[in-house]
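K.L.:
Supplied structure: final-v3.txt, compact mmCIF, C-alpha atoms.
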```
# COMPACT_ATOMS: atom_id res chain seq x y z
CA MET A 277 0.00 0.00 0.00
CA ILE A 278 1.30 3.47 -0.91
CA PRO A 279 1.64 5.76 2.13
CA GLN A 280 -0.87 8.60 1.93
CA TRP A 281 1.92 11.14 2.14
CA LYS A 282 3.79 9.81 -0.89
CA ILE A 283 2.92 11.84 -3.97
CA TYR A 284 5.92 11.29 -6.25
CA PRO A 285 7.08 7.77 -7.25
CA ARG A 286 10.51 9.09 -8.23
CA SER A 287 12.90 11.03 -6.01
CA GLN A 288 14.09 13.12 -8.96
CA GLY A 289 11.58 14.98 -11.08
CA HIS A 290 8.07 15.84 -10.02
CA SER A 291 6.18 15.51 -13.28
CA THR A 292 4.70 12.15 -12.25
CA VAL A 293 2.36 11.60 -9.31
CA TYR A 294 0.49 8.79 -7.65
CA LEU A 295 -3.05 9.90 -8.47
CA GLN A 296 -4.54 8.22 -5.44
CA ASN A 297 -2.72 10.68 -3.21
CA VAL A 298 -3.59 13.91 -5.04
CA VAL A 299 -7.28 13.42 -5.83
CA THR A 300 -9.70 14.76 -3.21
CA ASP A 301 -13.07 14.57 -4.99
CA PRO A 302 -15.03 11.68 -3.40
CA SER A 303 -16.64 10.91 -6.76
CA ILE A 304 -13.22 10.07 -8.22
CA THR A 305 -11.72 6.73 -7.16
CA VAL A 306 -8.17 5.78 -8.12
CA GLY A 307 -6.42 2.48 -7.42
CA GLU A 308 -2.98 2.02 -5.93
CA TYR A 309 0.15 2.74 -7.98
CA THR A 310 -1.74 4.44 -10.81
CA THR A 311 0.31 7.37 -12.08
CA TYR A 312 -0.29 10.55 -14.04
CA ASP A 313 2.55 12.36 -15.82
CA ASP A 314 2.30 15.99 -16.90
CA PHE A 315 5.25 17.98 -18.27
CA VAL A 316 3.07 21.05 -18.99
CA ASN A 317 0.99 21.58 -15.84
CA ASP A 318 1.35 20.60 -12.22
CA PRO A 319 0.29 16.92 -12.21
CA ARG A 320 -1.23 17.42 -8.74
CA GLU A 321 -3.93 19.47 -10.50
CA PHE A 322 -5.20 16.43 -12.43
CA GLN A 323 -8.65 16.69 -10.85
CA LYS A 324 -9.00 20.29 -12.04
CA ASN A 325 -7.30 20.13 -15.43
CA ASN A 326 -8.13 16.66 -16.71
CA VAL A 327 -11.55 15.71 -15.31
CA LEU A 328 -13.86 18.08 -17.16
CA TYR A 329 -17.58 18.91 -17.05
CA HIS A 330 -17.77 16.83 -13.88
CA TYR A 331 -20.53 18.42 -11.81
CA PRO A 332 -22.32 17.10 -8.69
CA VAL A 333 -25.75 17.51 -10.31
CA ASN A 334 -25.08 14.41 -12.44
CA GLN A 335 -23.93 12.17 -9.56
CA GLU A 336 -21.41 10.61 -11.92
CA ARG A 337 -18.16 8.85 -11.02
CA LEU A 338 -14.69 8.43 -12.42
CA VAL A 339 -13.27 5.04 -11.40
CA ILE A 340 -9.66 4.21 -12.31
CA GLY A 341 -8.06 0.90 -11.36
CA LYS A 342 -4.60 -0.04 -10.11
CA PHE A 343 -1.28 0.21 -11.96
CA CYS A 344 -2.63 2.46 -14.71
CA SER A 345 -0.34 4.85 -16.61
CA ILE A 346 -1.98 8.08 -17.72
CA ALA A 347 0.00 10.32 -20.06
CA CYS A 348 0.18 14.10 -20.19
CA GLY A 349 -2.97 15.87 -21.30
CA ALA A 350 -5.34 12.90 -21.16
CA LYS A 351 -8.87 14.15 -20.54
CA PHE A 352 -12.01 12.60 -19.07
CA LEU A 353 -15.09 14.41 -20.45
CA PHE A 354 -18.25 13.94 -18.43
CA ASN A 355 -21.91 14.29 -19.22
CA SER A 356 -22.29 18.04 -19.02
CA ALA A 357 -20.05 18.24 -22.09
CA ASN A 358 -22.94 16.67 -24.04
CA HIS A 359 -25.91 18.53 -25.47
CA ALA A 360 -29.32 16.87 -25.56
CA MET A 361 -29.99 15.35 -28.98
CA ALA A 362 -33.73 14.64 -28.72
CA PRO A 363 -34.96 18.28 -28.85
CA LEU A 364 -35.27 20.22 -32.08
CA THR A 365 -32.24 22.27 -31.04
CA THR A 366 -28.91 21.55 -29.39
CA TYR A 367 -28.92 24.97 -27.74
CA PRO A 368 -28.87 24.30 -23.96
CA PHE A 369 -31.90 26.35 -22.90
CA PRO A 370 -32.19 24.66 -19.46
CA ILE A 371 -28.73 25.96 -18.48
CA PHE A 372 -29.92 29.52 -19.00
CA PHE A 373 -33.04 29.03 -16.91
CA GLU A 374 -33.07 32.63 -15.67
CA GLU A 375 -33.10 34.05 -19.17
CA TRP A 376 -35.96 31.78 -20.29
CA ASP A 377 -38.01 31.49 -17.07
CA LEU A 378 -37.35 27.77 -16.73
CA ASP A 379 -37.23 25.57 -13.65
CA VAL A 380 -33.69 25.43 -12.23
CA GLY A 381 -34.40 21.83 -11.19
CA GLN A 382 -34.46 20.83 -14.85
CA VAL A 383 -30.98 22.14 -15.69
CA ALA A 384 -29.63 18.61 -16.24
CA GLU A 385 -32.05 18.19 -19.15
CA ALA A 386 -29.66 20.32 -21.18
CA TRP A 387 -27.42 17.31 -21.80
CA ASP A 388 -27.61 13.56 -22.38
CA ASN A 389 -26.40 11.61 -19.35
CA LYS A 390 -24.46 8.53 -20.42
CA GLY A 391 -23.15 7.53 -16.98
CA ASP A 392 -19.79 6.98 -15.32
CA ILE A 393 -16.31 6.53 -16.76
CA VAL A 394 -14.69 3.30 -15.57
CA VAL A 395 -11.06 2.43 -16.30
CA GLY A 396 -9.79 -1.03 -15.41
CA ASN A 397 -6.40 -2.07 -14.05
CA ASP A 398 -3.05 -1.92 -15.87
CA VAL A 399 -4.45 0.45 -18.51
CA TRP A 400 -2.16 2.78 -20.47
CA ILE A 401 -3.85 5.97 -21.65
CA GLY A 402 -1.72 7.81 -24.20
CA TYR A 403 -0.84 11.46 -24.71
CA GLU A 404 -3.86 13.78 -24.96
CA ALA A 405 -6.33 10.92 -25.32
CA VAL A 406 -9.96 11.80 -24.56
CA ILE A 407 -12.33 9.43 -22.76
CA LEU A 408 -16.02 10.28 -23.00
CA ALA A 409 -18.78 9.76 -20.44
CA GLY A 410 -20.30 6.29 -20.24
CA VAL A 411 -17.17 4.49 -21.43
CA THR A 412 -15.69 1.43 -19.70
CA ILE A 413 -12.09 0.49 -20.50
CA GLY A 414 -11.12 -3.10 -19.73
CA ASP A 415 -8.08 -4.33 -17.83
CA GLY A 416 -4.80 -4.20 -19.73
CA ALA A 417 -6.09 -2.00 -22.57
CA ILE A 418 -4.01 0.63 -24.36
CA ILE A 419 -5.49 3.92 -25.57
CA GLY A 420 -3.43 5.52 -28.33
CA ALA A 421 -2.21 9.11 -28.30
CA ARG A 422 -4.97 11.63 -29.07
CA ALA A 423 -7.55 8.91 -29.47
CA VAL A 424 -11.15 9.87 -28.72
CA VAL A 425 -12.80 6.96 -26.94
CA THR A 426 -16.56 6.99 -27.49
CA LYS A 427 -17.41 3.37 -26.67
CA ASP A 428 -16.26 0.55 -24.41
CA VAL A 429 -12.82 -0.99 -24.90
CA PRO A 430 -12.42 -4.74 -24.24
CA PRO A 431 -9.61 -5.98 -21.98
CA TYR A 432 -6.09 -6.06 -23.44
CA THR A 433 -7.18 -4.29 -26.62
CA ILE A 434 -5.20 -1.51 -28.31
CA VAL A 435 -7.37 1.27 -29.74
CA GLY A 436 -6.55 4.47 -31.59
CA GLY A 437 -8.01 7.15 -33.82
CA VAL A 438 -11.00 9.49 -33.87
CA PRO A 439 -13.28 7.92 -32.92
CA ALA A 440 -11.11 5.21 -31.38
CA GLN A 441 -11.23 1.84 -33.12
CA PRO A 442 -9.64 -1.51 -32.19
CA ILE A 443 -6.18 -1.96 -33.70
CA ARG A 444 -5.31 -5.36 -32.28
CA LYS A 445 -5.31 -7.50 -29.15
CA ARG A 446 -2.16 -7.34 -27.04
CA PHE A 447 -2.08 -11.11 -26.53
CA SER A 448 -3.88 -14.26 -27.64
CA GLU A 449 -7.37 -14.87 -26.24
CA ASP A 450 -5.94 -17.72 -24.17
CA THR A 451 -3.32 -15.49 -22.56
CA ILE A 452 -5.83 -12.72 -21.96
CA GLY A 453 -8.17 -15.14 -20.22
CA ARG A 454 -5.38 -16.41 -17.99
CA LEU A 455 -4.30 -12.88 -17.06
CA LEU A 456 -7.86 -11.91 -16.17
CA VAL A 457 -8.04 -14.91 -13.85
CA LEU A 458 -4.69 -14.09 -12.23
CA CYS A 459 -5.47 -10.39 -11.57
CA TRP A 460 -1.85 -9.88 -10.51
CA TRP A 461 -2.57 -6.22 -9.73
CA ASP A 462 -4.51 -7.36 -6.66
CA TRP A 463 -1.51 -9.20 -5.22
CA PRO A 464 0.40 -7.72 -2.26
CA PRO A 465 3.34 -5.49 -3.28
CA GLU A 466 5.86 -7.98 -1.89
CA LYS A 467 4.46 -10.76 -4.07
CA ILE A 468 4.45 -8.54 -7.17
CA LYS A 469 8.05 -7.51 -6.50
CA ALA A 470 9.08 -11.16 -6.29
CA VAL A 471 7.53 -12.01 -9.67
CA LEU A 472 8.48 -8.88 -11.62
CA PRO A 473 10.96 -10.80 -13.83
CA ALA A 474 8.11 -13.10 -14.90
CA ILE A 475 5.72 -10.19 -15.46
CA TRP A 476 8.30 -8.26 -17.46
CA SER A 477 9.28 -11.26 -19.61
CA GLY A 478 5.67 -12.26 -20.32
CA ASP A 479 5.87 -15.59 -18.50
CA VAL A 480 2.22 -16.19 -17.61
CA ALA A 481 2.91 -19.78 -16.64
CA ALA A 482 5.36 -18.61 -13.96
CA LEU A 483 2.67 -16.41 -12.45
CA GLU A 484 0.25 -19.32 -12.46
CA ARG A 485 2.74 -21.56 -10.68
CA ILE A 486 3.27 -18.92 -8.00
CA GLU A 487 -0.46 -18.36 -7.60
CA ARG A 488 -1.03 -22.08 -7.02
```
Could you render the structure from this file as structure tokens?
P.N.:
Amino acid sequence: MIPQWKIYPRSQGHSTVYLQNVVTDPSITVGEYTTYDDFVNDPREFQKNNVLYHYPVNQERLVIGKFCSIACGAKFLFNSANHAMAPLTTYPFPIFFEEWDLDVGQVAEAWDNKGDIVVGNDVWIGYEAVILAGVTIGDGAIIGARAVVTKDVPPYTIVGGVPAQPIRKRFSEDTIGRLLVLCWWDWPPEKIKAVLPAIWSGDVAALERIER
């Protein structure tokens, strides 16, 4: 477990932070060892600069798993960035309730609410990628630089482009299934440290032998 006081994983250079220890919004949950790197802005301001249109009225959540790597400029766009599509106009009249004598309690009707953003474990989100509301990203996935993710990403799938499309699977379906059973990211740090050579070399069988 990372001590609550530890913000920076490296003693030299403060562009990378453990997100778990800089996020204060209770509607944002971040798993252990997940990092955010920002060489433009203070990475401690992730909550302010990278989680956008995230307002309490929607009761929406950002959930990020363990051991994720989030690159500089990645953005999570929540529901208030949407405009309602069912009306005859996309102009957000309910937001300007005072101007149009509307009920303030109906302000959330100005946009389509697609739900939470959920990011699994061991996910790499590339430079300036954008994740939209309602998207779930599976364990082990990779989001390419400047991709715009509009729909769910399966585990261990590489996606890229605008809108993001699958490029390929990282591993065979057999290996992916075995990794999802192992869930090594839930192991104690001491156990992970002991098997890092196997993780780094791609030796799934070695992890399975240790798990047994």
K.L.:
Counting only C-alpha atoms, which residues of range 383-415 of chain A fall within 12 Å of range 296-307 of chain A, and what is the closest atom pair for each with its distance in Å at one decimal, ordered by chain and rising number, as a tab-separated table?
P.N.:
```
residue	atom	partner	partner_atom	distance
A:Asp392	CA	A:Ser303	CA	9.9
A:Ile393	CA	A:Ile304	CA	9.7
A:Val394	CA	A:Thr305	CA	9.6
A:Val395	CA	A:Val306	CA	9.3
A:Gly396	CA	A:Gly307	CA	9.4
A:Asn397	CA	A:Gly307	CA	8.0
A:Asp398	CA	A:Gly307	CA	10.1
A:Val399	CA	A:Gly307	CA	11.4
```
K.L.:
To one decimal place in Å, what is the distance between CA of Asn355 in chain A and CA of Asn317 in chain A?
P.N.:
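Calculated distance between CA of Asn355 in chain A and CA of Asn317 in chain A is 24.3 Å.
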K.L.:
Using only C-alpha atoms, which of the listed residues (A:Gly402, A:Gly453, A:Gly410, A:Gly416) sits closest to Gly437 in chain A?
P.N.:
A:Gly402
K.L.:
Grab the CA of Tyr312 in chain A to CA of Tyr403 in chain A distance for me, in Å with one decimal place.
P.N.:
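Computing it gives 10.7 Å between the two atoms.
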K.L.:
Determine, using only C-alpha atoms, which residues of range 360-468 of chain A have any atom at most 12 Å from an atom of range 474-482 of chain A, and tabulate each with its shortest atom pair and distance in Å to one decimal place, rows ordered by chain and then rising number, as CSV.
P.N.:
```
residue,atom,partner,partner_atom,distance
A:Arg446,CA,A:Gly478,CA,11.4
A:Phe447,CA,A:Gly478,CA,10.0
A:Ser448,CA,A:Val480,CA,11.9
A:Asp450,CA,A:Val480,CA,10.6
A:Thr451,CA,A:Val480,CA,7.5
A:Ile452,CA,A:Val480,CA,9.8
A:Gly453,CA,A:Val480,CA,10.8
A:Arg454,CA,A:Val480,CA,7.6
A:Leu455,CA,A:Val480,CA,7.3
A:Leu456,CA,A:Val480,CA,11.0
A:Val457,CA,A:Val480,CA,11.0
A:Leu458,CA,A:Val480,CA,9.0
A:Cys459,CA,A:Val480,CA,11.4
A:Trp460,CA,A:Ile475,CA,9.1
A:Trp461,CA,A:Ile475,CA,10.8
A:Lys467,CA,A:Ile475,CA,11.5
A:Ile468,CA,A:Ile475,CA,8.5
```
K.L.:
Using all atoms of range 442-454 of chain A that appear in the file, construct an axis-aligned enclosing box with 5 Å of padding on every side and provide its centre coordinates and edge lengths in Å, rounded to one decimal, as lines of an AutoDock Vina configuration file.
P.N.:
```
center_x = -5.9
center_y = -9.6
center_z = -25.8
size_x = 17.6
size_y = 26.2
size_z = 25.7
```
K.L.:
Grab the CA of Leu295 in chain A to CA of Lys351 in chain A distance for me, in Å with one decimal place.
P.N.:
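Those two atoms sit 14.1 Å apart.
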K.L.:
A:Asn326, A:Thr433, A:Asn334, A:Thr310: which is nearest Met277 in chain A, counting only C-alpha atoms?
P.N.:
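Selected residue with least distance to Met277 in chain A: A:Thr310.
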K.L.:
Give the answer as one residue: which of A:Arg485, A:Arg286, A:Lys390, A:Lys427 has the shortest atom-to-atom distance to Ile407 in chain A, using all atoms listed in the file?
P.N.:
A:Lys427
K.L.:
Looking at A:Ile371, A:Val406, A:Asp415, A:Asp379, which one is nearest to Pro439 in chain A, with distances taken over only C-alpha atoms?
P.N.:
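Under the stated criterion, the closest residue is A:Val406.
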K.L.:
Find, counting all atoms listed in the file, the residue in A:Trp376, A:Pro464, A:Lys445, A:Gly436 that gets nearest to Tyr309 in chain A.
P.N.:
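The shortest atom-to-atom distance to Tyr309 in chain A comes from A:Pro464.
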K.L.:
Let me make sure I understand: among A:Val429, A:Val293, A:Ile419, A:Val316, which one has the smallest atom-to-atom distance to Gly349 in chain A if we use only C-alpha atoms?
P.N.:
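Distance minimum relative to Gly349 in chain A lands on A:Val316.
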